[in-house]
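Everything on this sheet refers to the single structure shown next.
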Amino acid sequence: MRVVAKFGGTSLGSGERIDRAADSIAAAVEDGHEIAVVASAMGSTTDDLLEDITFETDEQDRAQIVSMGERTSVRMLKAALSARDIDATFLEPGKDEWPVVTDEYGEVDVEETQQRALEVAETMDAQVPVLTGFLAEGADGSITTLGRGGSDTTAVMMGKYMDADEVVIVTDVEGVMTGDPRVVEGARNVGEISVDELRNLSFRGAEVVAPSALSYKDGALDVRVVHYQHGDLLSGGTSIEGEFRNLVDLRERPLACLTVAGRAIRNQPGIFHHLSESLAESDINVDAVASGMDTVTFYIDADEAERAENILHREVIARDELSSVTVDSPVAVVRVTGGEIPNQPGIISEIIQPLAEDRIHLQDVVTSATSVALFVDWDDRERTLELTQDVV
């Protein structure tokens with residue numbers, strides 16, 4: 001099996017932990033697996049270096065300085081593997097074999113990087129390449145970086161371009177947890193999670209795998225997260241399933257828009273709970289929710305509109321803080337889902353602008369970490385889909 005193993009800063013934070021990492025790599029090699037390693041800077045080295053740059057410097061000098069953490073890590077790991085009679089070599093920008101190349105705009109040169117990655121992969125039956133994470137080589141030979149979480153990005157990118165079977169992210173958490181164990185009691189490991197779920201969690205603060213890395217995951221590549229104390233690269237942890245696709249999707253069935261108005265609803269604890277619970281108890285599924293200071297809007301199947309209106313009306317009558325419920329139907333929704341949405345400043349404006357220019361009325365725009373939902377009149381659905389596809 002061909003595996004790319006990425007070791008995070010915590011897992012390389014001391015000589016003892018480097019020994020532990022080298023033991024796990026050596027064990028996998030001795031079992032007959034082809035292993036490539038991606039190494040982060042030891043501990044908090046990169047952050048410490050950044051804090052120490054208190055003087056004016058250009059981007060090239062800055063990149064050279066912060067690259068020293070990863071450059072040290074690969075040398076330490078290579079030496080530890082050699083001490084275990086494992087034939088290893090370290091790779092960093094500037095070496096002829098270095099695979100990760102960026103173009104003149106600072107973006108990964110996919111064709112060149114893929115070709116170089118395959119050339120490195122061809123050597124893995126004889127030796128273990130240990131690559132600096134986070135770093136890339138510019139078109140002019142300069143050092144560039146892949147941004148926050150860049151070592152994760154290096155690992156999954158290499159896994160894809162090396163035709164690896166699996167990428168293992170070795171970190172300081174036991175895979176993906178049901179909650180932050182530092183805050184909640186009884187948090188446990190999630191055995192499997194979809195790439196869509198994890199990307200949304202990552203963009204909302206879950207520090208497991210960098211969102212940029214998951215853009216490189218395809219359905220044929222397994223990605224797993226394990227704790228550095230686990231010791232076995234090839235088992236345990238959390239498996240990340242599936243692949244993240246960029247989609248523009250039109251919901252086939254019409255929706256009804258039910259809006260409940262009241263005085264400062266947002267400041268009234270429990271209002272949303274009571275309204276949504278009343279719908280749930282009647283088996284009415286809510287497709288989306290939007291809220292304002294004085295309104296809560298539920299989007300549900302248009303076929304359920306009359307029944308839902310009566311249910312919500314009973315809540316309005318029962319609560320002094322609520323004043324009225326109204327229904328608009330039929331409504332269409334076009335959803336844009338894309339892994340790069342959060343990284344594109346102005347993308348929502350780019351999506352909406354063509355609709356405004358075409359005089360299409362937007363009833364609502366509901367966003368999440370990785371998607372944008374556009375609610376329009378039912379008669380405008382096909383035109384909205386067409387215009388949105390042109391943008392995305």
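Ligands are numbered from 1 in the order shown, chains are lettered A, B, ... in the order of the structure tokens, and residues start at 1 in each chain.
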
DSSP helix (DSSP H, G or I) residues within segment 321-373 of chain A, listed as a list in words: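 In segment 321-373 of chain A, DSSP puts these residues in helix (DSSP H, G or I): Ile341, Pro342, Asn343, Ile347, Ile348, Ser349, Glu350, Ile351, Ile352, Gln353, Pro354, Leu355, Ala356 and Glu357 of chain A.
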
Export, as an mmCIF file, in the first residue's frame, the selected residues with N, CA and C atoms.
data_model
loop_
_atom_site.group_PDB
_atom_site.id
_atom_site.type_symbol
_atom_site.label_atom_id
_atom_site.label_comp_id
_atom_site.auth_asym_id
_atom_site.auth_seq_id
_atom_site.Cartn_x
_atom_site.Cartn_y
_atom_site.Cartn_z
ATOM 1 N N ILE A 341 -15.517 28.405 -1.879
ATOM 2 C CA ILE A 341 -16.350 29.586 -1.620
ATOM 3 C C ILE A 341 -15.797 30.456 -0.489
ATOM 4 N N PRO A 342 -15.429 29.883 0.667
ATOM 5 C CA PRO A 342 -14.951 30.738 1.756
ATOM 6 C C PRO A 342 -13.642 31.448 1.447
ATOM 7 N N ASN A 343 -12.886 30.949 0.471
ATOM 8 C CA ASN A 343 -11.578 31.541 0.153
ATOM 9 C C ASN A 343 -11.638 32.555 -0.976
ATOM 10 N N ILE A 347 -17.303 36.524 -3.514
ATOM 11 C CA ILE A 347 -17.968 35.502 -4.317
ATOM 12 C C ILE A 347 -19.487 35.620 -4.233
ATOM 13 N N ILE A 348 -20.026 35.983 -3.061
ATOM 14 C CA ILE A 348 -21.486 36.102 -2.942
ATOM 15 C C ILE A 348 -21.984 37.231 -3.827
ATOM 16 N N SER A 349 -21.241 38.330 -3.855
ATOM 17 C CA SER A 349 -21.606 39.437 -4.741
ATOM 18 C C SER A 349 -21.575 39.006 -6.200
ATOM 19 N N GLU A 350 -20.557 38.219 -6.564
ATOM 20 C CA GLU A 350 -20.456 37.745 -7.949
ATOM 21 C C GLU A 350 -21.627 36.846 -8.330
ATOM 22 N N ILE A 351 -22.126 36.081 -7.365
ATOM 23 C CA ILE A 351 -23.259 35.194 -7.624
ATOM 24 C C ILE A 351 -24.555 35.981 -7.758
ATOM 25 N N ILE A 352 -24.709 36.985 -6.912
ATOM 26 C CA ILE A 352 -25.975 37.730 -6.853
ATOM 27 C C ILE A 352 -26.092 38.770 -7.960
ATOM 28 N N GLN A 353 -24.986 39.387 -8.337
ATOM 29 C CA GLN A 353 -25.027 40.501 -9.278
ATOM 30 C C GLN A 353 -25.748 40.179 -10.591
ATOM 31 N N PRO A 354 -25.485 39.031 -11.237
ATOM 32 C CA PRO A 354 -26.192 38.733 -12.490
ATOM 33 C C PRO A 354 -27.705 38.627 -12.314
ATOM 34 N N LEU A 355 -28.150 38.182 -11.135
ATOM 35 C CA LEU A 355 -29.588 38.088 -10.882
ATOM 36 C C LEU A 355 -30.206 39.485 -10.804
ATOM 37 N N ALA A 356 -29.492 40.397 -10.145
ATOM 38 C CA ALA A 356 -29.992 41.773 -10.052
ATOM 39 C C ALA A 356 -30.054 42.415 -11.433
ATOM 40 N N GLU A 357 -29.036 42.178 -12.241
ATOM 41 C CA GLU A 357 -29.004 42.760 -13.580
ATOM 42 C C GLU A 357 -30.112 42.186 -14.468
#

Neighbour list for segment 18-26 of chain A as JSON, numbers by chain, cut-off 8 Å, only C-alpha atoms, skip fewer than 5 positions in-chain: {"A": [7, 11, 12, 13, 35, 76, 77, 80, 81, 84, 86, 228, 229, 231, 232, 233]}

DSSP strand (DSSP E or B) selection over segment 108-352 of chain A, as a VMD selection string: chain A and resid 108 128 to 132 135 to 137 143 to 145 166 to 171 176 to 177 189 to 190 192 to 194 222 to 227 238 to 241 247 to 250 255 to 262 286 to 291 295 to 301 322 to 337

Surrounding residues of Thr145 of chain A excluding itself and chain neighbours under 4 positions, 10 Å, only C-alpha atoms, as number ranges by chain: A: 63-64, 66-67, 102, 106, 133-138, 150-151

Selection file, N, CA and C atoms, as a tab-separated table (two decimals), in the first residue's frame:
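For reference, out04.tsv as written:
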chain	number	residue	atom	x	y	z
A	63	ALA	N	9.48	34.39	3.76
A	63	ALA	CA	9.28	32.98	3.44
A	63	ALA	C	10.52	32.16	3.78
A	64	GLN	N	11.69	32.71	3.50
A	64	GLN	CA	12.93	32.01	3.82
A	64	GLN	C	13.04	31.76	5.32
A	66	VAL	N	10.55	31.70	7.71
A	66	VAL	CA	9.57	30.77	8.29
A	66	VAL	C	9.74	29.35	7.76
A	67	SER	N	10.48	29.19	6.67
A	67	SER	CA	10.71	27.84	6.13
A	67	SER	C	11.66	27.03	6.99
A	102	THR	N	4.71	26.40	-7.73
A	102	THR	CA	3.65	27.38	-7.96
A	102	THR	C	3.97	28.19	-9.22
A	106	GLY	N	1.34	32.57	-7.90
A	106	GLY	CA	1.38	31.98	-6.58
A	106	GLY	C	0.43	30.80	-6.40
A	133	GLY	N	6.45	20.21	4.67
A	133	GLY	CA	5.08	20.67	4.46
A	133	GLY	C	5.05	22.17	4.34
A	134	PHE	N	3.92	22.74	3.87
A	134	PHE	CA	3.70	24.18	3.92
A	134	PHE	C	4.45	24.96	2.84
A	135	LEU	N	5.55	24.41	2.33
A	135	LEU	CA	6.41	25.16	1.43
A	135	LEU	C	6.20	24.76	-0.03
A	136	ALA	N	6.48	25.68	-0.92
A	136	ALA	CA	6.45	25.42	-2.36
A	136	ALA	C	7.60	26.18	-2.99
A	137	GLU	N	7.83	25.88	-4.27
A	137	GLU	CA	8.88	26.57	-5.02
A	137	GLU	C	8.24	27.38	-6.12
A	138	GLY	N	8.55	28.68	-6.16
A	138	GLY	CA	7.97	29.56	-7.16
A	138	GLY	C	8.55	29.31	-8.54
A	150	GLY	N	-0.95	24.66	5.60
A	150	GLY	CA	-0.29	24.26	4.36
A	150	GLY	C	0.31	22.87	4.39
A	151	SER	N	0.70	22.37	5.57
A	151	SER	CA	1.25	21.02	5.63
A	151	SER	C	0.17	19.98	5.34

From A:Gly32, A:Ile300, A:Arg263, A:Val100, residue lying nearest Ala280 of chain A [only C-alpha atoms]: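 Closest candidate: A:Ile300.
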
For Val128 of chain A, the nearest of the candidates A:Thr295, A:Thr153, A:Thr144, A:Thr89, counting only C-alpha atoms: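 Checking each of A:Thr295, A:Thr153, A:Thr144, A:Thr89 against Val128 of chain A, counting only C-alpha atoms, the winner is A:Thr89.
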
Separation of atom CA of Gly149 of chain A from atom CA of Ala210 of chain A in Å: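 Computing it gives 5.0 Å between the two atoms.
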
Two-atom distance - atom CA of Asp96 of chain A, atom CA of Val120 of chain A (Å):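 Those two atoms sit 10.6 Å apart.
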
Nearest to Asp87 of chain A by atom-to-atom distance, counting only C-alpha atoms, from A:Ile65, A:Phe55, A:Glu34, A:Glu112: A:Glu34

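One distance worth recording is that between atom CA of Ala256 of chain A and atom CA of Leu362 of chain A, which is 14.5 Å.
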